[in-house]
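Chemist: This is final-v1.cif (mmCIF, C-alpha atoms).
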data_structure
#
loop_
_atom_site.group_PDB
_atom_site.id
_atom_site.type_symbol
_atom_site.label_atom_id
_atom_site.label_comp_id
_atom_site.auth_asym_id
_atom_site.auth_seq_id
_atom_site.Cartn_x
_atom_site.Cartn_y
_atom_site.Cartn_z
ATOM 1 C CA MET A 947 165.336 134.578 -32.484
ATOM 2 C CA THR A 948 167.261 136.168 -35.360
ATOM 3 C CA ALA A 949 165.553 139.246 -36.799
ATOM 4 C CA LYS A 950 164.228 138.609 -40.254
ATOM 5 C CA ARG A 951 165.593 140.710 -43.082
ATOM 6 C CA THR A 952 163.258 142.909 -45.076
ATOM 7 C CA PRO A 953 164.939 143.482 -48.456
ATOM 8 C CA GLU A 954 163.425 145.704 -51.071
ATOM 9 C CA ASP A 955 161.220 143.940 -53.579
ATOM 10 C CA GLY A 956 162.951 143.460 -56.898
ATOM 11 C CA GLN A 957 166.557 143.449 -55.703
ATOM 12 C CA LEU A 958 169.075 142.407 -58.367
ATOM 13 C CA LEU A 959 172.846 142.063 -58.258
ATOM 14 C CA TYR A 960 175.227 142.377 -61.180
ATOM 15 C CA GLY A 961 177.642 139.456 -61.525
ATOM 16 C CA CYS A 962 181.012 140.532 -62.912
ATOM 17 C CA MET A 963 182.398 137.141 -63.990
ATOM 18 C CA GLY A 964 182.029 138.074 -67.674
ATOM 19 C CA LEU A 965 184.252 141.147 -67.394
ATOM 20 C CA GLY A 966 188.010 141.275 -67.929
ATOM 21 C CA GLY A 967 188.684 139.594 -71.257
ATOM 22 C CA THR A 968 189.646 135.934 -71.552
ATOM 23 C CA TRP A 969 190.179 133.214 -68.966
ATOM 24 C CA GLY A 970 193.717 132.802 -70.283
ATOM 25 C CA ALA A 971 196.973 134.431 -69.265
ATOM 26 C CA GLU A 972 196.535 137.336 -71.702
ATOM 27 C CA ALA A 973 196.480 140.769 -70.105
ATOM 28 C CA TYR A 974 193.294 142.793 -70.382
ATOM 29 C CA GLY A 975 193.303 145.846 -72.622
ATOM 30 C CA ALA A 976 191.475 149.073 -73.336
ATOM 31 C CA GLU A 977 188.619 147.242 -75.083
ATOM 32 C CA ASP A 978 188.066 145.078 -72.007
ATOM 33 C CA ILE A 979 187.945 148.140 -69.757
ATOM 34 C CA ALA A 980 185.474 149.806 -72.116
ATOM 35 C CA ALA A 981 183.281 146.690 -72.163
ATOM 36 C CA ALA A 982 183.323 146.556 -68.358
ATOM 37 C CA GLU A 983 182.413 150.221 -68.145
ATOM 38 C CA ALA A 984 179.499 149.733 -70.563
ATOM 39 C CA ALA A 985 178.168 146.825 -68.478
ATOM 40 C CA VAL A 986 178.489 148.775 -65.224
ATOM 41 C CA ILE A 987 176.714 151.789 -66.738
ATOM 42 C CA ALA A 988 173.860 149.583 -67.984
ATOM 43 C CA ALA A 989 173.503 147.980 -64.543
ATOM 44 C CA LEU A 990 173.434 151.369 -62.832
ATOM 45 C CA GLU A 991 170.867 152.619 -65.352
ATOM 46 C CA ILE A 992 168.351 149.968 -64.282
ATOM 47 C CA GLY A 993 169.010 150.582 -60.588
ATOM 48 C CA ILE A 994 171.515 147.862 -59.674
ATOM 49 C CA THR A 995 174.006 149.002 -57.045
ATOM 50 C CA THR A 996 175.507 145.691 -55.825
ATOM 51 C CA PHE A 997 178.335 144.235 -57.912
ATOM 52 C CA ASP A 998 179.359 140.631 -57.326
ATOM 53 C CA HIS A 999 182.941 139.451 -57.902
ATOM 54 C CA ALA A 1000 185.261 136.579 -57.046
ATOM 55 C CA ASP A 1001 189.044 136.594 -56.870
ATOM 56 C CA ILE A 1002 189.222 133.812 -59.477
ATOM 57 C CA TYR A 1003 187.032 135.413 -62.157
ATOM 58 C CA ARG A 1004 189.167 135.669 -65.304
ATOM 59 C CA HIS A 1005 192.143 134.922 -63.030
ATOM 60 C CA GLY A 1006 191.646 138.208 -61.195
ATOM 61 C CA LYS A 1007 191.122 140.291 -64.317
ATOM 62 C CA SER A 1008 187.416 140.834 -63.599
ATOM 63 C CA GLU A 1009 188.288 142.605 -60.358
ATOM 64 C CA SER A 1010 191.091 144.510 -62.053
ATOM 65 C CA VAL A 1011 188.996 145.960 -64.881
ATOM 66 C CA PHE A 1012 186.309 146.879 -62.366
ATOM 67 C CA GLY A 1013 188.998 148.711 -60.409
ATOM 68 C CA GLU A 1014 189.898 150.579 -63.597
ATOM 69 C CA VAL A 1015 186.252 151.626 -63.992
ATOM 70 C CA LEU A 1016 186.149 152.853 -60.394
ATOM 71 C CA ALA A 1017 189.350 154.832 -60.893
ATOM 72 C CA ARG A 1018 187.977 156.668 -63.921
ATOM 73 C CA THR A 1019 184.537 157.352 -62.382
ATOM 74 C CA PRO A 1020 184.804 159.738 -59.400
ATOM 75 C CA GLY A 1021 182.128 159.170 -56.788
ATOM 76 C CA LEU A 1022 181.094 155.737 -58.062
ATOM 77 C CA ARG A 1023 182.586 153.779 -55.159
ATOM 78 C CA ALA A 1024 180.419 155.612 -52.647
ATOM 79 C CA ARG A 1025 177.259 154.717 -54.600
ATOM 80 C CA ILE A 1026 177.744 150.956 -54.832
ATOM 81 C CA VAL A 1027 178.185 147.771 -52.813
ATOM 82 C CA ILE A 1028 181.160 145.589 -53.751
ATOM 83 C CA GLN A 1029 180.877 141.901 -52.976
ATOM 84 C CA THR A 1030 183.636 139.412 -53.708
ATOM 85 C CA LYS A 1031 184.477 135.794 -52.923
ATOM 86 C CA CYS A 1032 187.511 133.719 -52.021
ATOM 87 C CA GLY A 1033 188.207 130.068 -51.334
ATOM 88 C CA ILE A 1034 188.917 128.490 -54.737
ATOM 89 C CA ARG A 1035 192.397 127.920 -56.159
ATOM 90 C CA LEU A 1036 192.286 127.447 -59.923
ATOM 91 C CA ALA A 1037 194.313 124.739 -61.645
ATOM 92 C CA ASP A 1038 197.806 125.961 -62.509
ATOM 93 C CA GLY A 1039 199.938 123.871 -64.818
ATOM 94 C CA ALA A 1040 200.469 120.522 -63.111
ATOM 95 C CA ASN A 1041 198.563 121.593 -59.984
ATOM 96 C CA PRO A 1042 194.846 120.744 -59.893
ATOM 97 C CA GLY A 1043 192.181 123.159 -58.756
ATOM 98 C CA ILE A 1044 191.384 122.870 -55.049
ATOM 99 C CA TYR A 1045 189.469 124.694 -52.328
ATOM 100 C CA ASP A 1046 191.359 126.646 -49.666
ATOM 101 C CA LEU A 1047 189.637 128.344 -46.740
ATOM 102 C CA ARG A 1048 192.578 128.434 -44.369
ATOM 103 C CA GLY A 1049 192.552 131.640 -42.371
ATOM 104 C CA GLN A 1050 195.905 132.842 -43.686
ATOM 105 C CA THR A 1051 194.744 132.225 -47.262
ATOM 106 C CA ILE A 1052 191.543 134.204 -46.717
ATOM 107 C CA MET A 1053 193.554 137.143 -45.333
ATOM 108 C CA ARG A 1054 195.940 137.104 -48.306
ATOM 109 C CA ARG A 1055 193.179 136.800 -50.895
ATOM 110 C CA VAL A 1056 191.295 139.743 -49.404
ATOM 111 C CA GLU A 1057 194.430 141.881 -49.573
ATOM 112 C CA GLU A 1058 194.881 140.951 -53.250
ATOM 113 C CA SER A 1059 191.242 141.708 -54.071
ATOM 114 C CA LEU A 1060 191.424 145.115 -52.385
ATOM 115 C CA GLU A 1061 194.440 145.972 -54.531
ATOM 116 C CA ARG A 1062 192.822 144.844 -57.781
ATOM 117 C CA LEU A 1063 189.525 146.577 -56.995
ATOM 118 C CA ARG A 1064 191.341 149.784 -55.986
ATOM 119 C CA THR A 1065 189.317 150.154 -52.829
ATOM 120 C CA ASP A 1066 190.105 150.119 -49.120
ATOM 121 C CA VAL A 1067 187.076 148.092 -48.051
ATOM 122 C CA ILE A 1068 185.039 145.124 -49.284
ATOM 123 C CA ASP A 1069 181.384 145.512 -48.400
ATOM 124 C CA VAL A 1070 180.572 141.772 -48.441
ATOM 125 C CA LEU A 1071 183.022 138.846 -48.527
ATOM 126 C CA LEU A 1072 181.648 135.403 -49.433
ATOM 127 C CA LEU A 1073 183.380 132.071 -48.867
ATOM 128 C CA HIS A 1074 183.152 130.658 -52.382
ATOM 129 C CA ARG A 1075 183.028 126.878 -51.845
ATOM 130 C CA PRO A 1076 183.158 124.589 -48.792
ATOM 131 C CA ASP A 1077 186.674 123.381 -48.002
ATOM 132 C CA PRO A 1078 186.532 119.903 -46.365
ATOM 133 C CA LEU A 1079 189.774 120.640 -44.491
ATOM 134 C CA ALA A 1080 188.606 124.006 -43.197
ATOM 135 C CA ASP A 1081 188.603 124.605 -39.441
ATOM 136 C CA PRO A 1082 185.587 126.780 -38.489
ATOM 137 C CA ASP A 1083 187.564 128.333 -35.623
ATOM 138 C CA ASP A 1084 190.409 129.257 -37.995
ATOM 139 C CA ILE A 1085 187.968 130.761 -40.518
ATOM 140 C CA ALA A 1086 186.130 132.701 -37.807
ATOM 141 C CA GLU A 1087 189.385 134.093 -36.454
ATOM 142 C CA ALA A 1088 190.378 135.382 -39.895
ATOM 143 C CA LEU A 1089 186.960 136.882 -40.626
ATOM 144 C CA THR A 1090 186.791 138.523 -37.213
ATOM 145 C CA SER A 1091 190.221 140.065 -37.778
ATOM 146 C CA LEU A 1092 189.200 141.415 -41.187
ATOM 147 C CA HIS A 1093 186.043 142.912 -39.707
ATOM 148 C CA ARG A 1094 187.846 144.528 -36.772
ATOM 149 C CA GLN A 1095 190.445 145.982 -39.138
ATOM 150 C CA GLY A 1096 187.610 147.583 -41.100
ATOM 151 C CA VAL A 1097 188.595 146.039 -44.440
ATOM 152 C CA VAL A 1098 185.479 143.816 -44.703
ATOM 153 C CA ARG A 1099 182.086 145.022 -43.520
ATOM 154 C CA ARG A 1100 179.931 141.889 -43.823
ATOM 155 C CA PHE A 1101 180.287 138.191 -44.570
ATOM 156 C CA GLY A 1102 178.437 135.490 -46.432
ATOM 157 C CA VAL A 1103 178.889 132.094 -48.041
ATOM 158 C CA SER A 1104 178.341 130.531 -51.433
ATOM 159 C CA ASN A 1105 177.298 127.019 -52.444
ATOM 160 C CA MET A 1106 176.760 125.928 -48.832
ATOM 161 C CA GLY A 1107 173.984 124.101 -47.017
ATOM 162 C CA ALA A 1108 172.444 124.912 -43.659
ATOM 163 C CA ALA A 1109 174.583 122.356 -41.798
ATOM 164 C CA GLN A 1110 177.744 124.046 -43.102
ATOM 165 C CA ILE A 1111 176.588 127.576 -42.335
ATOM 166 C CA ALA A 1112 175.375 127.022 -38.763
ATOM 167 C CA PRO A 1113 178.732 126.156 -37.096
ATOM 168 C CA LEU A 1114 180.435 129.078 -38.794
ATOM 169 C CA GLN A 1115 177.708 131.498 -37.735
ATOM 170 C CA ALA A 1116 177.985 130.251 -34.147
ATOM 171 C CA ARG A 1117 181.639 131.321 -34.064
ATOM 172 C CA LEU A 1118 181.219 134.784 -35.584
ATOM 173 C CA GLU A 1119 180.411 137.986 -33.745
ATOM 174 C CA VAL A 1120 178.664 139.363 -36.838
ATOM 175 C CA PRO A 1121 175.807 137.677 -38.736
ATOM 176 C CA ILE A 1122 176.218 135.850 -42.037
ATOM 177 C CA VAL A 1123 174.169 137.940 -44.459
ATOM 178 C CA ALA A 1124 174.100 135.969 -47.729
ATOM 179 C CA ASN A 1125 174.250 132.506 -49.283
ATOM 180 C CA GLN A 1126 174.802 132.455 -53.043
ATOM 181 C CA LEU A 1127 173.504 129.333 -54.798
ATOM 182 C CA GLU A 1128 172.839 128.315 -58.380
ATOM 183 C CA MET A 1129 169.096 128.880 -58.684
ATOM 184 C CA SER A 1130 167.173 129.259 -61.915
ATOM 185 C CA LEU A 1131 164.370 127.790 -63.977
ATOM 186 C CA LEU A 1132 167.001 125.489 -65.505
ATOM 187 C CA ARG A 1133 168.633 124.441 -62.198
ATOM 188 C CA ARG A 1134 165.654 123.738 -59.971
ATOM 189 C CA GLU A 1135 167.112 121.370 -57.342
ATOM 190 C CA TRP A 1136 166.745 124.110 -54.711
ATOM 191 C CA LEU A 1137 163.000 124.179 -55.383
ATOM 192 C CA GLU A 1138 162.274 120.538 -56.087
ATOM 193 C CA ALA A 1139 164.065 119.256 -52.987
ATOM 194 C CA GLY A 1140 161.066 120.547 -51.089
ATOM 195 C CA ILE A 1141 158.518 118.536 -53.060
ATOM 196 C CA ALA A 1142 160.707 115.422 -53.348
ATOM 197 C CA VAL A 1143 160.352 114.561 -49.655
ATOM 198 C CA ASN A 1144 158.889 111.058 -49.317
ATOM 199 C CA THR A 1145 159.005 110.472 -53.080
ATOM 200 C CA SER A 1146 161.276 108.542 -55.438
ATOM 201 C CA GLU A 1147 162.593 111.873 -56.757
ATOM 202 C CA ALA A 1148 164.434 112.516 -53.486
ATOM 203 C CA ALA A 1149 167.310 110.143 -54.308
ATOM 204 C CA ALA A 1150 168.182 112.061 -57.477
ATOM 205 C CA ASN A 1151 168.081 115.502 -55.847
ATOM 206 C CA GLY A 1152 171.368 116.462 -54.233
ATOM 207 C CA PHE A 1153 170.289 119.831 -52.838
ATOM 208 C CA PRO A 1154 170.613 120.013 -49.023
ATOM 209 C CA PHE A 1155 166.962 120.061 -48.012
ATOM 210 C CA GLY A 1156 166.164 122.684 -45.380
ATOM 211 C CA THR A 1157 168.742 125.210 -46.568
ATOM 212 C CA LEU A 1158 166.176 127.621 -48.021
ATOM 213 C CA GLU A 1159 164.119 127.417 -44.857
ATOM 214 C CA PHE A 1160 167.175 127.889 -42.628
ATOM 215 C CA CYS A 1161 168.374 130.942 -44.550
ATOM 216 C CA ARG A 1162 164.910 132.464 -44.526
ATOM 217 C CA GLU A 1163 164.533 132.039 -40.768
ATOM 218 C CA GLN A 1164 168.048 133.296 -40.030
ATOM 219 C CA GLY A 1165 167.708 136.395 -42.199
ATOM 220 C CA ILE A 1166 170.346 135.183 -44.677
ATOM 221 C CA GLU A 1167 169.756 136.563 -48.156
ATOM 222 C CA LEU A 1168 169.519 133.924 -50.882
ATOM 223 C CA GLN A 1169 171.382 135.121 -53.972
ATOM 224 C CA ALA A 1170 170.744 133.206 -57.196
ATOM 225 C CA TRP A 1171 173.732 132.855 -59.499
ATOM 226 C CA GLY A 1172 172.984 131.674 -63.035
ATOM 227 C CA ALA A 1173 169.560 133.309 -62.664
ATOM 228 C CA LEU A 1174 169.032 133.820 -66.405
ATOM 229 C CA ALA A 1175 169.757 130.125 -67.090
ATOM 230 C CA GLN A 1176 172.455 130.946 -69.656
ATOM 231 C CA GLY A 1177 169.771 132.122 -72.053
ATOM 232 C CA ARG A 1178 168.242 128.653 -72.346
ATOM 233 C CA PHE A 1179 164.683 130.021 -72.308
ATOM 234 C CA THR A 1180 165.326 133.394 -73.937
ATOM 235 C CA GLY A 1181 167.113 132.694 -77.204
ATOM 236 C CA ARG A 1182 169.384 129.630 -77.140
ATOM 237 C CA GLN A 1183 167.030 126.762 -76.427
ATOM 238 C CA ASP A 1184 168.672 123.357 -76.774
ATOM 239 C CA SER A 1185 165.683 120.996 -76.653
ATOM 240 C CA PRO A 1186 162.009 120.831 -77.650
ATOM 241 C CA GLN A 1187 161.068 121.222 -73.983
ATOM 242 C CA GLU A 1188 163.177 124.360 -73.650
ATOM 243 C CA HIS A 1189 161.626 125.718 -76.852
ATOM 244 C CA ALA A 1190 158.131 125.125 -75.449
ATOM 245 C CA THR A 1191 159.044 126.790 -72.161
ATOM 246 C CA GLY A 1192 160.606 129.681 -74.037
ATOM 247 C CA ARG A 1193 157.412 130.184 -76.026
ATOM 248 C CA LEU A 1194 155.372 130.309 -72.832
ATOM 249 C CA ILE A 1195 157.749 132.831 -71.297
ATOM 250 C CA SER A 1196 157.664 134.974 -74.454
ATOM 251 C CA SER A 1197 153.869 134.930 -74.519
ATOM 252 C CA LEU A 1198 153.675 135.975 -70.876
ATOM 253 C CA ALA A 1199 156.197 138.747 -71.507
ATOM 254 C CA GLU A 1200 154.169 140.052 -74.437
ATOM 255 C CA ALA A 1201 150.922 139.924 -72.461
ATOM 256 C CA LYS A 1202 152.479 141.822 -69.557
ATOM 257 C CA GLY A 1203 154.384 144.337 -71.669
ATOM 258 C CA THR A 1204 157.823 143.260 -70.492
ATOM 259 C CA THR A 1205 160.772 141.103 -71.574
ATOM 260 C CA PRO A 1206 161.361 137.337 -71.351
ATOM 261 C CA GLU A 1207 164.358 138.038 -69.086
ATOM 262 C CA THR A 1208 162.080 139.851 -66.668
ATOM 263 C CA ILE A 1209 159.636 136.928 -66.612
ATOM 264 C CA LEU A 1210 162.496 134.546 -65.741
ATOM 265 C CA LEU A 1211 163.592 136.800 -62.897
ATOM 266 C CA TRP A 1212 160.035 137.287 -61.676
ATOM 267 C CA TRP A 1213 159.721 133.500 -61.473
ATOM 268 C CA LEU A 1214 162.599 133.441 -58.969
ATOM 269 C CA GLN A 1215 161.497 136.561 -57.124
ATOM 270 C CA ARG A 1216 157.931 135.261 -56.733
ATOM 271 C CA HIS A 1217 159.188 132.527 -54.382
ATOM 272 C CA PRO A 1218 158.571 133.427 -50.704
ATOM 273 C CA ALA A 1219 162.271 132.958 -49.870
ATOM 274 C CA ARG A 1220 162.749 136.456 -51.336
ATOM 275 C CA ILE A 1221 165.496 135.428 -53.759
ATOM 276 C CA ALA A 1222 167.872 138.081 -55.103
ATOM 277 C CA PRO A 1223 168.931 137.126 -58.665
ATOM 278 C CA VAL A 1224 172.485 137.757 -59.877
ATOM 279 C CA ILE A 1225 172.587 138.980 -63.494
ATOM 280 C CA GLY A 1226 175.732 137.583 -65.086
ATOM 281 C CA THR A 1227 175.525 138.716 -68.697
ATOM 282 C CA ALA A 1228 178.143 141.146 -70.005
ATOM 283 C CA SER A 1229 175.753 142.433 -72.694
ATOM 284 C CA PRO A 1230 174.423 145.926 -71.901
ATOM 285 C CA GLU A 1231 171.346 145.191 -74.010
ATOM 286 C CA ARG A 1232 170.520 142.075 -72.015
ATOM 287 C CA ILE A 1233 171.227 143.841 -68.721
ATOM 288 C CA ARG A 1234 168.700 146.518 -69.700
ATOM 289 C CA ALA A 1235 166.208 143.784 -70.591
ATOM 290 C CA CYS A 1236 166.101 142.972 -66.862
ATOM 291 C CA ARG A 1237 164.859 146.452 -65.924
ATOM 292 C CA GLY A 1238 161.314 145.227 -65.235
ATOM 293 C CA ALA A 1239 162.520 142.983 -62.406
ATOM 294 C CA MET A 1240 164.030 145.898 -60.501
ATOM 295 C CA GLY A 1241 162.086 147.669 -57.779
ATOM 296 C CA ARG A 1242 158.662 146.137 -58.379
ATOM 297 C CA ARG A 1243 156.733 143.069 -57.298
ATOM 298 C CA PRO A 1244 156.668 140.100 -59.694
ATOM 299 C CA GLU A 1245 153.520 140.219 -61.803
ATOM 300 C CA LEU A 1246 152.966 136.470 -61.964
ATOM 301 C CA SER A 1247 149.845 134.816 -60.624
ATOM 302 C CA HIS A 1248 149.941 131.568 -58.662
ATOM 303 C CA GLU A 1249 148.803 129.690 -61.775
ATOM 304 C CA GLU A 1250 151.277 131.435 -64.113
ATOM 305 C CA TRP A 1251 154.183 130.638 -61.789
ATOM 306 C CA TYR A 1252 153.198 126.967 -61.730
ATOM 307 C CA ALA A 1253 152.685 126.905 -65.503
ATOM 308 C CA ILE A 1254 156.280 128.068 -66.031
ATOM 309 C CA TRP A 1255 157.621 125.525 -63.539
ATOM 310 C CA LEU A 1256 155.658 122.635 -65.043
ATOM 311 C CA ALA A 1257 156.744 123.556 -68.556
ATOM 312 C CA ALA A 1258 160.392 123.470 -67.489
ATOM 313 C CA ARG A 1259 159.939 120.216 -65.497
ATOM 314 C CA GLY A 1260 158.302 118.440 -68.402
ATOM 315 C CA VAL A 1261 156.635 115.962 -66.050
ATOM 316 C CA PRO A 1262 153.745 116.301 -63.591
ATOM 317 C CA LEU A 1263 154.316 117.043 -59.929
ATOM 318 C CA PRO A 1264 154.571 113.971 -57.667
#
Can the structure in the file be given as structure tokens, please?
Modeler:
Amino acid sequence: MTAKRTPEDGQLLYGCMGLGGTWGAEAYGAEDIAAAEAAVIAALEIGITTFDHADIYRHGKSESVFGEVLARTPGLRARIVIQTKCGIRLADGANPGIYDLRGQTIMRRVEESLERLRTDVIDVLLLHRPDPLADPDDIAEALTSLHRQGVVRRFGVSNMGAAQIAPLQARLEVPIVANQLEMSLLRREWLEAGIAVNTSEAAANGFPFGTLEFCREQGIELQAWGALAQGRFTGRQDSPQEHATGRLISSLAEAKGTTPETILLWWLQRHPARIAPVIGTASPERIRACRGAMGRRPELSHEEWYAIWLAARGVPLP
């Protein structure tokens, strides 16, 4: 049986997609580097040491500005974990966006990320999206080569279900350590798939049921991207239901002497799957608002957790 992981309570990751300027072809500048540095400093201040990237973020500029920050901050690289992803090709002119997990592509994308990040090793490499044409043997050969060369330490996946992870894990000589999924109070398919079994709700829920349970049993860390729900319950509510949920979250935050952002993160962390939220905001102020979710157990009772869930659902449980 695979040994279960025992992560620290209150683990957060910082998602770097918001760094690097625009999503256009414009080059990044000094202001973009300064903004990235401010975000990294804020994340470090609250105890975050894992920084999540992808080769496509801002067309590579997110990795590049992070590399600039590393270059101007001696000793920082040794204090942090760098995680990045590959497997998506963005649309380019007449060419549509596609997925590409061919072994040779993975090798090339890792080389490009290392150069942009100005480092000689990636701590964790995630496969960003499933590629229907991918050959698990070809992927495993590429990942094994990268590991043996010492340029990638560990591997994970993103946006994959248990049935997609298992055949890849069977071909690797090192364990898959993470699966990054969209998980938040706004996007609750991961949670509600488990209560939709044998109900009419099951047909409308596309989440691959059993994935949370598989990852938990295999010691695969569940990382939640979009964890703050794009601010939909902490300042930019778009519906009466979101306003009502936001008021509940604010009242709980006030009662517990913390921030609404922390309550949102506690709601994820309170789940027994031991979810590690990814904080994607580029605002130093909002990063610091997540401090209460770092290094401490979620202070939500069973009833409070359900009250938040039911408010966001808007309908009773089946």
Chemist: Report the closest atom pair, with its distance in Å rounded to one decimal, for each residue of stretch 1164-1231 of chain A that has an atom no farther than 12 Å from stretch 990-998 of chain A; count all atoms listed in the file, sort by chain and then rising residue number, and write it as a tab-separated table.
Modeler:
residue	atom	partner	partner_atom	distance
A:Gln1169	CA	A:Asp998	CA	10.3
A:Ala1170	CA	A:Asp998	CA	11.4
A:Trp1171	CA	A:Asp998	CA	9.8
A:Ala1222	CA	A:Thr996	CA	10.8
A:Pro1223	CA	A:Asp998	CA	11.1
A:Val1224	CA	A:Asp998	CA	7.9
A:Ile1225	CA	A:Asp998	CA	9.3
A:Gly1226	CA	A:Asp998	CA	9.1
A:Pro1230	CA	A:Glu991	CA	10.0
A:Glu1231	CA	A:Ile992	CA	11.2
Chemist: With distances taken over all atoms listed in the file, which of A:Arg1055, A:Arg1117, A:Val1067, A:Asn1041 is nearest to A:Asp1084?
Modeler: A:Arg1117
Chemist: Interatomic distance between atom CA of A:Trp1136 and atom CA of A:His1005?
Modeler: 28.8 Å
Chemist: Please write as an MDAnalysis selection string the full residue list that the PyMOL selection byres ((chain A and resi 1178) around 12) yields on this file.
Modeler: chainID A and resid 1130:1133 1172:1177 1179:1193 1195 1206:1207 1210 1258
Chemist: Using all atoms listed in the file, can you tell me which of A:Val1015, A:Cys1032, A:Ala985, A:Ala971 comes closest to A:His999?
Modeler: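 Among A:Val1015, A:Cys1032, A:Ala985, A:Ala971, it is A:Cys1032 that comes nearest to A:His999.
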Chemist: Rank A:Val1103, A:Ala988, A:Ile1166, A:Ser1010 by their smallest atom-to-atom distance to A:Leu1047, using all atoms listed in the file, and report the top residue only.
Modeler: A:Val1103
Chemist: Here's a test: counting all atoms listed in the file, identify every protein, DNA and RNA residue with an atom at most 7 Å from (176.2, 145.1, -64.6) in the file's coordinate frame, and state them as a ChimeraX atom specification.
Modeler: /A:960-962,985-986,988-989,1228,1233
Chemist: Show me the residues close to (162.6, 144.9, -62.1) - anything with an atom within 10 Å, counting all atoms listed in the file - and format the list as a PyMOL selection string.
Modeler: chain A and resi 955-958+992-994+1204+1207-1209+1211-1212+1215+1234-1244
